[in-house]
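Peer 1: Just one file: target-v2.txt, with compact mmCIF, C-alpha atoms.
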```
# COMPACT_ATOMS: atom_id res chain seq x y z
CA MET A 16 -147.96 -161.84 214.59
CA GLN A 17 -144.99 -159.47 214.41
CA ASP A 18 -144.44 -160.32 210.70
CA ARG A 19 -148.08 -159.62 209.99
CA ASN A 20 -147.82 -156.29 211.80
CA LEU A 21 -144.78 -155.37 209.71
CA ALA A 22 -146.88 -155.90 206.58
CA PHE A 23 -149.40 -153.36 207.91
CA VAL A 24 -146.57 -150.93 208.73
CA GLY A 25 -145.10 -151.38 205.24
CA ALA A 26 -148.52 -150.78 203.67
CA ALA A 27 -149.00 -147.59 205.71
CA TYR A 28 -145.67 -146.11 204.60
CA ALA A 29 -146.18 -147.23 200.97
CA ILE A 30 -149.62 -145.58 200.85
CA THR A 31 -148.27 -142.40 202.45
CA TRP A 32 -145.56 -142.07 199.81
CA CYS A 33 -147.96 -142.94 196.96
CA VAL A 34 -150.34 -140.20 198.10
CA LEU A 35 -147.60 -137.56 198.62
CA LEU A 36 -145.75 -138.28 195.39
CA GLY A 37 -149.00 -138.72 193.47
CA TYR A 38 -150.24 -135.33 194.61
CA LEU A 39 -146.85 -133.74 193.88
CA ILE A 40 -146.80 -135.09 190.32
CA ARG A 41 -150.43 -134.13 189.72
CA VAL A 42 -149.93 -130.53 190.85
CA HIS A 43 -146.62 -130.13 189.00
CA ARG A 44 -148.11 -131.42 185.73
CA ALA A 45 -151.12 -129.13 186.09
CA LEU A 46 -148.80 -126.23 186.92
CA GLY A 47 -146.73 -126.86 183.78
CA ARG A 48 -149.87 -126.93 181.63
CA ALA A 49 -151.28 -123.79 183.29
CA ARG A 50 -148.01 -121.88 182.80
CA ALA A 51 -147.88 -122.88 179.13
CA GLU A 52 -151.52 -121.80 178.63
CA PHE A 53 -150.89 -118.50 180.41
CA GLU A 54 -147.81 -117.73 178.31
CA SER A 55 -149.62 -118.68 175.11
CA ALA A 56 -152.59 -116.44 176.03
CA SER A 57 -150.26 -113.55 176.96
CA THR A 58 -148.37 -113.86 173.67
CA GLN A 59 -151.63 -113.97 171.73
CA MET A 60 -152.89 -110.84 173.51
CA GLU A 61 -149.65 -108.98 172.77
CA ARG A 62 -149.99 -109.89 169.08
CA ASP A 63 -153.60 -108.71 168.99
CA ARG A 64 -152.69 -105.31 170.39
CA MET B 7 -162.67 -108.12 192.65
CA ASN B 8 -160.29 -105.90 190.77
CA GLU B 9 -157.57 -108.37 189.89
CA THR B 10 -155.87 -108.33 186.51
CA ALA B 11 -153.87 -111.00 184.68
CA ASP B 12 -150.66 -109.23 185.72
CA THR B 13 -151.49 -109.18 189.43
CA MET B 14 -152.65 -112.81 189.32
CA ASN B 15 -149.59 -114.13 187.50
CA VAL B 16 -146.99 -115.86 189.67
CA PRO B 17 -143.37 -115.74 188.45
CA ARG B 18 -141.33 -118.95 188.56
CA SER B 19 -139.52 -119.32 191.86
CA ARG B 20 -136.37 -121.40 192.39
CA ALA B 21 -136.64 -120.78 196.14
CA TRP B 22 -139.94 -122.69 196.34
CA THR B 23 -138.49 -125.57 194.32
CA LEU B 24 -135.61 -125.80 196.79
CA PHE B 25 -138.10 -125.58 199.66
CA GLY B 26 -140.01 -128.56 198.20
CA VAL B 27 -136.84 -130.63 197.81
CA PHE B 28 -135.88 -129.78 201.40
CA ALA B 29 -139.34 -130.77 202.67
CA PHE B 30 -139.20 -134.22 201.05
CA VAL B 31 -135.59 -134.83 202.15
CA ALA B 32 -136.66 -133.83 205.68
CA LEU B 33 -139.48 -136.39 205.58
CA ILE B 34 -137.14 -139.17 204.40
CA ALA B 35 -134.69 -138.31 207.19
CA ALA B 36 -137.44 -138.05 209.84
CA GLN B 37 -139.01 -141.37 208.84
CA ALA B 38 -135.65 -143.13 208.71
CA TYR B 39 -134.78 -141.81 212.16
CA ALA B 40 -138.15 -142.73 213.69
CA VAL B 41 -138.45 -146.18 212.13
CA LEU B 42 -134.87 -147.24 212.77
CA THR B 43 -134.48 -145.91 216.31
CA SER B 44 -137.87 -146.45 217.98
CA PRO B 45 -138.17 -149.71 219.93
CA PRO B 46 -141.25 -151.94 219.44
CA ASP B 47 -144.10 -151.08 221.78
CA ARG B 48 -144.80 -153.55 224.60
CA ASP B 49 -148.41 -154.10 223.46
CA MET B 50 -148.49 -153.12 219.80
CA GLY B 51 -145.01 -154.20 218.73
CA HIS B 52 -143.88 -152.73 215.40
CA LEU B 53 -147.40 -151.55 214.68
CA GLN B 54 -146.48 -148.49 216.75
CA LYS B 55 -144.45 -147.21 213.75
CA ILE B 56 -147.70 -146.30 211.95
CA LEU B 57 -147.92 -143.52 214.56
CA TYR B 58 -145.24 -141.54 212.67
CA VAL B 59 -147.41 -141.19 209.57
CA HIS B 60 -150.96 -141.39 210.92
CA VAL B 61 -150.66 -138.76 213.67
CA PRO B 62 -148.75 -136.13 211.59
CA ALA B 63 -151.25 -136.62 208.74
CA ALA B 64 -154.09 -135.91 211.19
CA TRP B 65 -152.37 -132.83 212.67
CA ILE B 66 -151.62 -131.47 209.20
CA THR B 67 -155.25 -131.99 208.20
CA PHE B 68 -156.28 -129.77 211.13
CA LEU B 69 -153.65 -127.17 210.26
CA ALA B 70 -154.66 -127.01 206.58
CA PHE B 71 -158.32 -126.58 207.53
CA LEU B 72 -157.31 -123.82 209.95
CA VAL B 73 -155.75 -122.05 206.95
CA VAL B 74 -159.06 -122.55 205.09
CA PHE B 75 -160.94 -121.02 208.02
CA VAL B 76 -158.64 -117.98 208.30
CA PHE B 77 -158.64 -117.18 204.58
CA SER B 78 -162.37 -117.87 204.17
CA ILE B 79 -163.12 -115.37 206.94
CA ARG B 80 -160.60 -112.95 205.41
CA TYR B 81 -162.31 -113.30 202.04
CA MET B 82 -165.70 -112.57 203.62
CA TRP B 83 -164.14 -109.53 205.34
CA ARG B 84 -162.12 -108.05 202.46
CA GLY B 85 -163.56 -109.67 199.33
CA GLN B 86 -160.17 -110.24 197.72
CA GLU B 87 -160.00 -113.12 195.27
CA LYS B 88 -156.50 -114.16 196.29
CA ASP B 89 -157.81 -115.07 199.76
CA ASP B 90 -160.42 -117.34 198.16
CA LEU B 91 -157.80 -119.03 195.98
CA LEU B 92 -155.53 -119.61 198.97
CA ALA B 93 -158.40 -121.06 201.02
CA ALA B 94 -159.26 -123.38 198.11
CA ALA B 95 -155.62 -124.49 197.79
CA ALA B 96 -155.49 -125.29 201.51
CA ALA B 97 -158.84 -127.12 201.29
CA GLU B 98 -157.57 -129.44 198.56
CA VAL B 99 -154.34 -130.16 200.43
CA GLY B 100 -156.26 -130.62 203.70
CA ALA B 101 -158.72 -133.03 202.06
CA THR B 102 -155.78 -135.04 200.69
CA PHE B 103 -154.22 -135.36 204.15
CA ASN B 104 -157.65 -136.05 205.64
CA GLY B 105 -158.18 -138.95 203.24
CA LEU B 106 -154.69 -140.23 204.03
CA THR B 107 -155.42 -140.02 207.79
CA LEU B 108 -158.55 -142.13 207.35
CA VAL B 109 -156.78 -144.79 205.28
CA LEU B 110 -153.83 -144.97 207.69
CA GLY B 111 -156.25 -145.21 210.60
CA MET B 112 -157.95 -148.16 208.91
CA ILE B 113 -154.59 -149.87 208.37
CA TRP B 114 -153.83 -149.38 212.07
CA GLY B 115 -157.34 -150.39 213.13
CA LYS B 116 -157.41 -153.80 211.47
CA PRO B 117 -154.55 -155.38 213.47
CA ALA B 118 -155.18 -153.29 216.63
CA TRP B 119 -158.98 -153.48 216.88
CA GLY B 120 -159.70 -156.39 214.54
CA ALA B 121 -161.76 -154.21 212.20
CA TRP B 122 -160.97 -151.87 209.32
CA TRP B 123 -163.69 -149.46 210.37
CA VAL B 124 -165.76 -148.83 213.48
CA TRP B 125 -168.61 -146.30 213.62
CA GLU B 126 -167.32 -144.50 216.69
CA ALA B 127 -167.04 -140.76 217.35
CA ARG B 128 -163.47 -140.02 216.23
CA LEU B 129 -163.61 -142.01 213.00
CA THR B 130 -167.09 -140.86 212.11
CA SER B 131 -166.39 -137.16 212.79
CA THR B 132 -163.16 -137.39 210.73
CA LEU B 133 -165.14 -138.96 207.88
CA VAL B 134 -167.75 -136.18 208.13
CA LEU B 135 -164.95 -133.58 207.97
CA PHE B 136 -163.56 -135.29 204.86
CA MET B 137 -166.98 -135.33 203.18
CA ILE B 138 -167.56 -131.64 203.94
CA PHE B 139 -164.33 -130.68 202.18
CA VAL B 140 -164.92 -133.05 199.27
CA GLY B 141 -168.26 -131.22 198.98
CA TYR B 142 -166.41 -127.89 199.15
CA LEU B 143 -164.18 -128.93 196.21
CA ALA B 144 -167.18 -130.25 194.26
CA LEU B 145 -169.02 -126.97 194.86
CA ARG B 146 -166.09 -125.03 193.41
CA SER B 147 -166.08 -127.13 190.27
CA PHE B 148 -169.85 -126.68 189.74
CA VAL B 149 -170.02 -122.87 190.06
CA ASP B 150 -168.64 -120.91 187.10
CA ASP B 151 -169.04 -117.34 188.34
CA PRO B 152 -165.82 -116.59 190.30
CA GLU B 153 -167.47 -114.17 192.74
CA ARG B 154 -170.37 -116.45 193.61
CA ARG B 155 -167.99 -119.44 193.81
CA ALA B 156 -165.77 -117.54 196.25
CA GLN B 157 -168.70 -116.42 198.44
CA TRP B 158 -170.26 -119.87 198.70
CA SER B 159 -166.86 -121.52 199.20
CA ALA B 160 -165.98 -119.11 202.00
CA ALA B 161 -169.20 -119.97 203.82
CA VAL B 162 -168.71 -123.74 203.42
CA GLY B 163 -164.97 -123.50 204.22
CA ALA B 164 -165.54 -121.58 207.45
CA PHE B 165 -168.41 -123.91 208.46
CA GLY B 166 -166.38 -127.02 207.58
CA ALA B 167 -163.36 -125.89 209.57
CA ILE B 168 -165.53 -125.42 212.67
CA ASN B 169 -165.72 -129.23 212.72
CA VAL B 170 -161.99 -129.49 213.44
CA PRO B 171 -162.31 -128.87 217.20
CA ILE B 172 -165.24 -131.32 217.30
CA VAL B 173 -163.04 -134.01 215.70
CA TYR B 174 -160.17 -133.17 218.05
CA MET B 175 -162.31 -133.26 221.20
CA SER B 176 -164.50 -136.21 220.12
CA VAL B 177 -162.30 -138.67 222.04
CA ARG B 178 -162.97 -136.76 225.28
CA TRP B 179 -166.60 -135.78 224.73
CA TRP B 180 -167.82 -139.28 223.81
CA ARG B 181 -166.88 -142.81 224.81
CA THR B 182 -164.71 -143.94 221.90
CA LEU B 183 -162.59 -146.89 220.87
CA HIS B 184 -159.95 -144.45 219.62
CA GLN B 185 -157.41 -143.53 222.26
CA ILE B 186 -157.37 -139.99 223.69
CA GLN B 187 -154.77 -137.46 222.54
CA SER B 188 -151.21 -138.21 223.58
CA SER B 189 -148.76 -135.60 224.84
CA PRO B 190 -145.02 -135.78 225.56
CA SER B 191 -145.90 -136.32 229.24
CA THR B 192 -148.10 -139.38 228.53
CA MET B 193 -145.90 -140.82 225.81
CA ASP B 194 -142.71 -142.88 226.08
CA SER B 195 -139.76 -140.53 225.48
CA ALA B 196 -138.37 -142.96 222.87
CA TYR B 197 -141.20 -141.98 220.54
CA VAL B 198 -141.48 -138.21 221.13
CA LEU B 199 -138.62 -136.93 218.97
CA GLY B 200 -139.55 -139.21 216.06
CA LEU B 201 -143.13 -137.98 216.18
CA ARG B 202 -142.12 -134.32 216.37
CA THR B 203 -139.64 -134.49 213.48
CA ASN B 204 -142.18 -136.28 211.29
CA ALA B 205 -144.84 -133.71 212.17
CA ILE B 206 -142.48 -130.88 211.17
CA ALA B 207 -141.59 -132.63 207.89
CA PHE B 208 -145.30 -133.14 207.12
CA MET B 209 -145.91 -129.47 207.87
CA LEU B 210 -143.17 -128.39 205.44
CA ILE B 211 -144.72 -130.59 202.75
CA MET B 212 -148.15 -129.11 203.48
CA ILE B 213 -146.76 -125.56 203.08
CA TYR B 214 -145.11 -126.55 199.80
CA PHE B 215 -148.28 -128.20 198.46
CA ILE B 216 -150.48 -125.24 199.40
CA ARG B 217 -148.04 -122.81 197.79
CA ARG B 218 -147.91 -124.80 194.53
CA ARG B 219 -151.69 -125.33 194.43
CA TYR B 220 -152.21 -121.60 195.08
CA GLU B 221 -149.77 -120.78 192.27
CA LEU B 222 -151.74 -123.09 189.96
CA ALA B 223 -155.06 -121.45 190.87
CA ARG B 224 -153.64 -117.97 190.26
CA LEU B 225 -152.18 -118.94 186.88
CA ARG B 226 -155.48 -120.44 185.76
CA ARG B 227 -157.32 -117.30 186.90
CA ALA B 228 -154.80 -115.05 185.14
CA THR B 229 -155.40 -117.00 181.90
CA GLU B 230 -159.17 -116.60 182.36
CA LEU B 231 -158.75 -112.85 182.86
CA ILE B 232 -156.74 -112.61 179.62
CA ALA B 233 -159.46 -114.54 177.80
CA ASP B 234 -162.11 -112.20 179.27
CA ALA B 235 -160.09 -109.14 178.22
CA ALA B 236 -159.66 -110.57 174.70
CA ALA B 237 -163.42 -111.21 174.47
CA LEU B 238 -164.02 -107.55 175.39
CA GLY B 239 -161.68 -106.39 172.65
CA GLY B 240 -158.48 -106.13 174.69
CA LYS B 241 -159.90 -103.67 177.23
```
Take the structure in the file and write it out as structure tokens.
Peer 2:
Amino acid sequence: MQDRNLAFVGAAYAITWCVLLGYLIRVHRALGRARAEFESASTQMERDR
Amino acid sequence: MNETADTMNVPRSRAWTLFGVFAFVALIAAQAYAVLTSPPDRDMGHLQKILYVHVPAAWITFLAFLVVFVFSIRYMWRGQEKDDLLAAAAAEVGATFNGLTLVLGMIWGKPAWGAWWVWEARLTSTLVLFMIFVGYLALRSFVDDPERRAQWSAAVGAFGAINVPIVYMSVRWWRTLHQIQSSPSTMDSAYVLGLRTNAIAFMLIMIYFIRRRYELARLRRATELIADAAALGGK
């Protein structure tokens, strides 16, 4: 019974870290892309002026 | 809405990166402390250790939706786009923690209650809260006009956050399988510090996530404003 409960505890912590790290990676990747797009658009606008 | 690409842009910040590293290190330390030092519960045994992730995730869900409520109302009051973007960032982070709370609750429920899911007041109201904010995020992706998107989102965000006290009080207002709220006075002292430190670590992570998501929203908006200006001939 205790061993089975430990499996549930392990699953809970594994899922927590998957969600937190998954969200962190997702936002950081999107942030990198957004910053690159912003800098590219800014450079393009400066050239057009 | 009188924002420009310059006012929307967010400069890179090393301080926030350090804050994020600190938040994750704090969570590792808090979890290690709680898991290694808390004794097994008399009835639940080691299953009690799920408390240190499930309860903070639920509290942080409430806190994130409180941020949504405050900034949605502030947007309706002042009409500033940055308030809308901050509310949206908090809504996404809150929905993530809300989903996590539900999944962790199911993992706890199976060995404790013998069922992954029970249609009782606390679980059902938490699921309704989750669906409202998934709807909020879907609404934002369907509406292109930034002003209309912000107005509708503010209304849904404020309405959705009103459900937080209903979820919180559901265990007292209705007969539920879910236990009522614990407090340091009703809880074994061996578990209190572990729970508090984990809640603080979760809160730091929530702040970091909201900040980064807000930064992302502002950068995307700044790029849109540049594109709009270019389409109007650089004016």
Peer 1: Near chain A, which residues of chain B fall within 6 Å when you count all atoms listed in the file, and what do they look like as a PyMOL selection string?
Peer 2: chain B and resi 53+56+110+222+226+229
Peer 1: Write out as a PyMOL selection string the residues lying within 12 Å of Glu126 in chain B, counting only C-alpha atoms and excluding same-chain residues fewer than 6 positions away.
Peer 2: chain B and resi 132-134+173+176-177+179-185
Peer 1: Using only C-alpha atoms, determine which residues lie at most 12 Å from Leu143 in chain B, disregarding the query and same-chain residues fewer than 4 positions distant; provide the list as a list in words.
Peer 2: Leu91, Ala93, Ala94, Ala95, Ala96, Ala97, Glu98, Val99, Gly100, Ala101, Thr102, Phe136, Met137, Ile138, Phe139, Ser147, Phe148, Val149, Arg155, Ala156, Trp158, Ser159, Ala160, Val162, Gly163 and Gly166 of chain B
Peer 1: Between CA of Tyr174 in chain B and CA of Ile211 in chain B, measure the distance and give it in Å to one decimal.
Peer 2: 21.9 Å
Peer 1: Could you add the missing atoms to range 33-62 of chain A, up to N, CA and C atoms, and return them as a PDB file, in the coordinates of the input?
Peer 2:
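Generated file (result-v1.pdb):
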```pdb
ATOM      1  N   CYS A  33    -147.162-142.977 198.216  1.00  0.00           N
ATOM      2  CA  CYS A  33    -147.960-142.940 196.960  1.00  0.00           C
ATOM      3  C   CYS A  33    -148.818-141.684 196.932  1.00  0.00           C
ATOM      4  N   VAL A  34    -149.460-141.374 198.049  1.00  0.00           N
ATOM      5  CA  VAL A  34    -150.340-140.200 198.100  1.00  0.00           C
ATOM      6  C   VAL A  34    -149.515-138.909 197.934  1.00  0.00           C
ATOM      7  N   LEU A  35    -148.404-138.801 198.684  1.00  0.00           N
ATOM      8  CA  LEU A  35    -147.600-137.560 198.620  1.00  0.00           C
ATOM      9  C   LEU A  35    -146.984-137.365 197.241  1.00  0.00           C
ATOM     10  N   LEU A  36    -146.379-138.418 196.706  1.00  0.00           N
ATOM     11  CA  LEU A  36    -145.750-138.280 195.390  1.00  0.00           C
ATOM     12  C   LEU A  36    -146.799-138.135 194.288  1.00  0.00           C
ATOM     13  N   GLY A  37    -147.913-138.838 194.443  1.00  0.00           N
ATOM     14  CA  GLY A  37    -149.000-138.720 193.470  1.00  0.00           C
ATOM     15  C   GLY A  37    -149.526-137.293 193.407  1.00  0.00           C
ATOM     16  N   TYR A  38    -149.739-136.709 194.572  1.00  0.00           N
ATOM     17  CA  TYR A  38    -150.240-135.330 194.610  1.00  0.00           C
ATOM     18  C   TYR A  38    -149.202-134.359 194.047  1.00  0.00           C
ATOM     19  N   LEU A  39    -147.929-134.593 194.388  1.00  0.00           N
ATOM     20  CA  LEU A  39    -146.850-133.740 193.880  1.00  0.00           C
ATOM     21  C   LEU A  39    -146.813-133.767 192.350  1.00  0.00           C
ATOM     22  N   ILE A  40    -146.863-134.951 191.786  1.00  0.00           N
ATOM     23  CA  ILE A  40    -146.800-135.090 190.320  1.00  0.00           C
ATOM     24  C   ILE A  40    -148.028-134.441 189.679  1.00  0.00           C
ATOM     25  N   ARG A  41    -149.185-134.681 190.270  1.00  0.00           N
ATOM     26  CA  ARG A  41    -150.430-134.130 189.720  1.00  0.00           C
ATOM     27  C   ARG A  41    -150.379-132.602 189.672  1.00  0.00           C
ATOM     28  N   VAL A  42    -149.966-131.999 190.788  1.00  0.00           N
ATOM     29  CA  VAL A  42    -149.930-130.530 190.850  1.00  0.00           C
ATOM     30  C   VAL A  42    -148.851-129.979 189.919  1.00  0.00           C
ATOM     31  N   HIS A  43    -147.702-130.629 189.858  1.00  0.00           N
ATOM     32  CA  HIS A  43    -146.620-130.130 189.000  1.00  0.00           C
ATOM     33  C   HIS A  43    -147.005-130.218 187.517  1.00  0.00           C
ATOM     34  N   ARG A  44    -147.663-131.305 187.128  1.00  0.00           N
ATOM     35  CA  ARG A  44    -148.110-131.420 185.730  1.00  0.00           C
ATOM     36  C   ARG A  44    -149.127-130.332 185.400  1.00  0.00           C
ATOM     37  N   ALA A  45    -150.085-130.146 186.298  1.00  0.00           N
ATOM     38  CA  ALA A  45    -151.120-129.130 186.090  1.00  0.00           C
ATOM     39  C   ALA A  45    -150.492-127.733 186.045  1.00  0.00           C
ATOM     40  N   LEU A  46    -149.485-127.527 186.875  1.00  0.00           N
ATOM     41  CA  LEU A  46    -148.800-126.230 186.920  1.00  0.00           C
ATOM     42  C   LEU A  46    -148.070-125.960 185.594  1.00  0.00           C
ATOM     43  N   GLY A  47    -147.426-126.982 185.069  1.00  0.00           N
ATOM     44  CA  GLY A  47    -146.730-126.860 183.780  1.00  0.00           C
ATOM     45  C   GLY A  47    -147.705-126.506 182.664  1.00  0.00           C
ATOM     46  N   ARG A  48    -148.843-127.195 182.649  1.00  0.00           N
ATOM     47  CA  ARG A  48    -149.870-126.930 181.630  1.00  0.00           C
ATOM     48  C   ARG A  48    -150.413-125.507 181.791  1.00  0.00           C
ATOM     49  N   ALA A  49    -150.699-125.116 183.031  1.00  0.00           N
ATOM     50  CA  ALA A  49    -151.280-123.790 183.290  1.00  0.00           C
ATOM     51  C   ALA A  49    -150.293-122.684 182.891  1.00  0.00           C
ATOM     52  N   ARG A  50    -149.019-122.901 183.163  1.00  0.00           N
ATOM     53  CA  ARG A  50    -148.010-121.880 182.800  1.00  0.00           C
ATOM     54  C   ARG A  50    -147.910-121.750 181.285  1.00  0.00           C
ATOM     55  N   ALA A  51    -147.950-122.904 180.595  1.00  0.00           N
ATOM     56  CA  ALA A  51    -147.880-122.880 179.130  1.00  0.00           C
ATOM     57  C   ALA A  51    -149.104-122.156 178.555  1.00  0.00           C
ATOM     58  N   GLU A  52    -150.293-122.444 179.112  1.00  0.00           N
ATOM     59  CA  GLU A  52    -151.520-121.800 178.630  1.00  0.00           C
ATOM     60  C   GLU A  52    -151.480-120.295 178.907  1.00  0.00           C
ATOM     61  N   PHE A  53    -150.972-119.922 180.066  1.00  0.00           N
ATOM     62  CA  PHE A  53    -150.890-118.500 180.410  1.00  0.00           C
ATOM     63  C   PHE A  53    -149.932-117.773 179.458  1.00  0.00           C
ATOM     64  N   GLU A  54    -148.782-118.384 179.198  1.00  0.00           N
ATOM     65  CA  GLU A  54    -147.810-117.730 178.310  1.00  0.00           C
ATOM     66  C   GLU A  54    -148.329-117.642 176.888  1.00  0.00           C
ATOM     67  N   SER A  55    -149.025-118.692 176.454  1.00  0.00           N
ATOM     68  CA  SER A  55    -149.620-118.680 175.110  1.00  0.00           C
ATOM     69  C   SER A  55    -150.683-117.581 175.004  1.00  0.00           C
ATOM     70  N   ALA A  56    -151.539-117.471 176.033  1.00  0.00           N
ATOM     71  CA  ALA A  56    -152.590-116.440 176.030  1.00  0.00           C
ATOM     72  C   ALA A  56    -151.983-115.040 176.084  1.00  0.00           C
ATOM     73  N   SER A  57    -150.917-114.871 176.873  1.00  0.00           N
ATOM     74  CA  SER A  57    -150.260-113.550 176.960  1.00  0.00           C
ATOM     75  C   SER A  57    -149.653-113.155 175.625  1.00  0.00           C
ATOM     76  N   THR A  58    -148.991-114.123 174.971  1.00  0.00           N
ATOM     77  CA  THR A  58    -148.370-113.860 173.670  1.00  0.00           C
ATOM     78  C   THR A  58    -149.434-113.480 172.646  1.00  0.00           C
ATOM     79  N   GLN A  59    -150.537-114.231 172.674  1.00  0.00           N
ATOM     80  CA  GLN A  59    -151.630-113.970 171.730  1.00  0.00           C
ATOM     81  C   GLN A  59    -152.196-112.562 171.946  1.00  0.00           C
ATOM     82  N   MET A  60    -152.341-112.164 173.213  1.00  0.00           N
ATOM     83  CA  MET A  60    -152.890-110.840 173.510  1.00  0.00           C
ATOM     84  C   MET A  60    -151.952-109.745 173.042  1.00  0.00           C
ATOM     85  N   GLU A  61    -150.635-109.972 173.219  1.00  0.00           N
ATOM     86  CA  GLU A  61    -149.650-108.980 172.770  1.00  0.00           C
ATOM     87  C   GLU A  61    -149.724-108.816 171.253  1.00  0.00           C
ATOM     88  N   ARG A  62    -149.906-109.939 170.549  1.00  0.00           N
ATOM     89  CA  ARG A  62    -149.990-109.890 169.080  1.00  0.00           C
ATOM     90  C   ARG A  62    -151.227-109.124 168.631  1.00  0.00           C
TER      91      ARG A  62
END
```
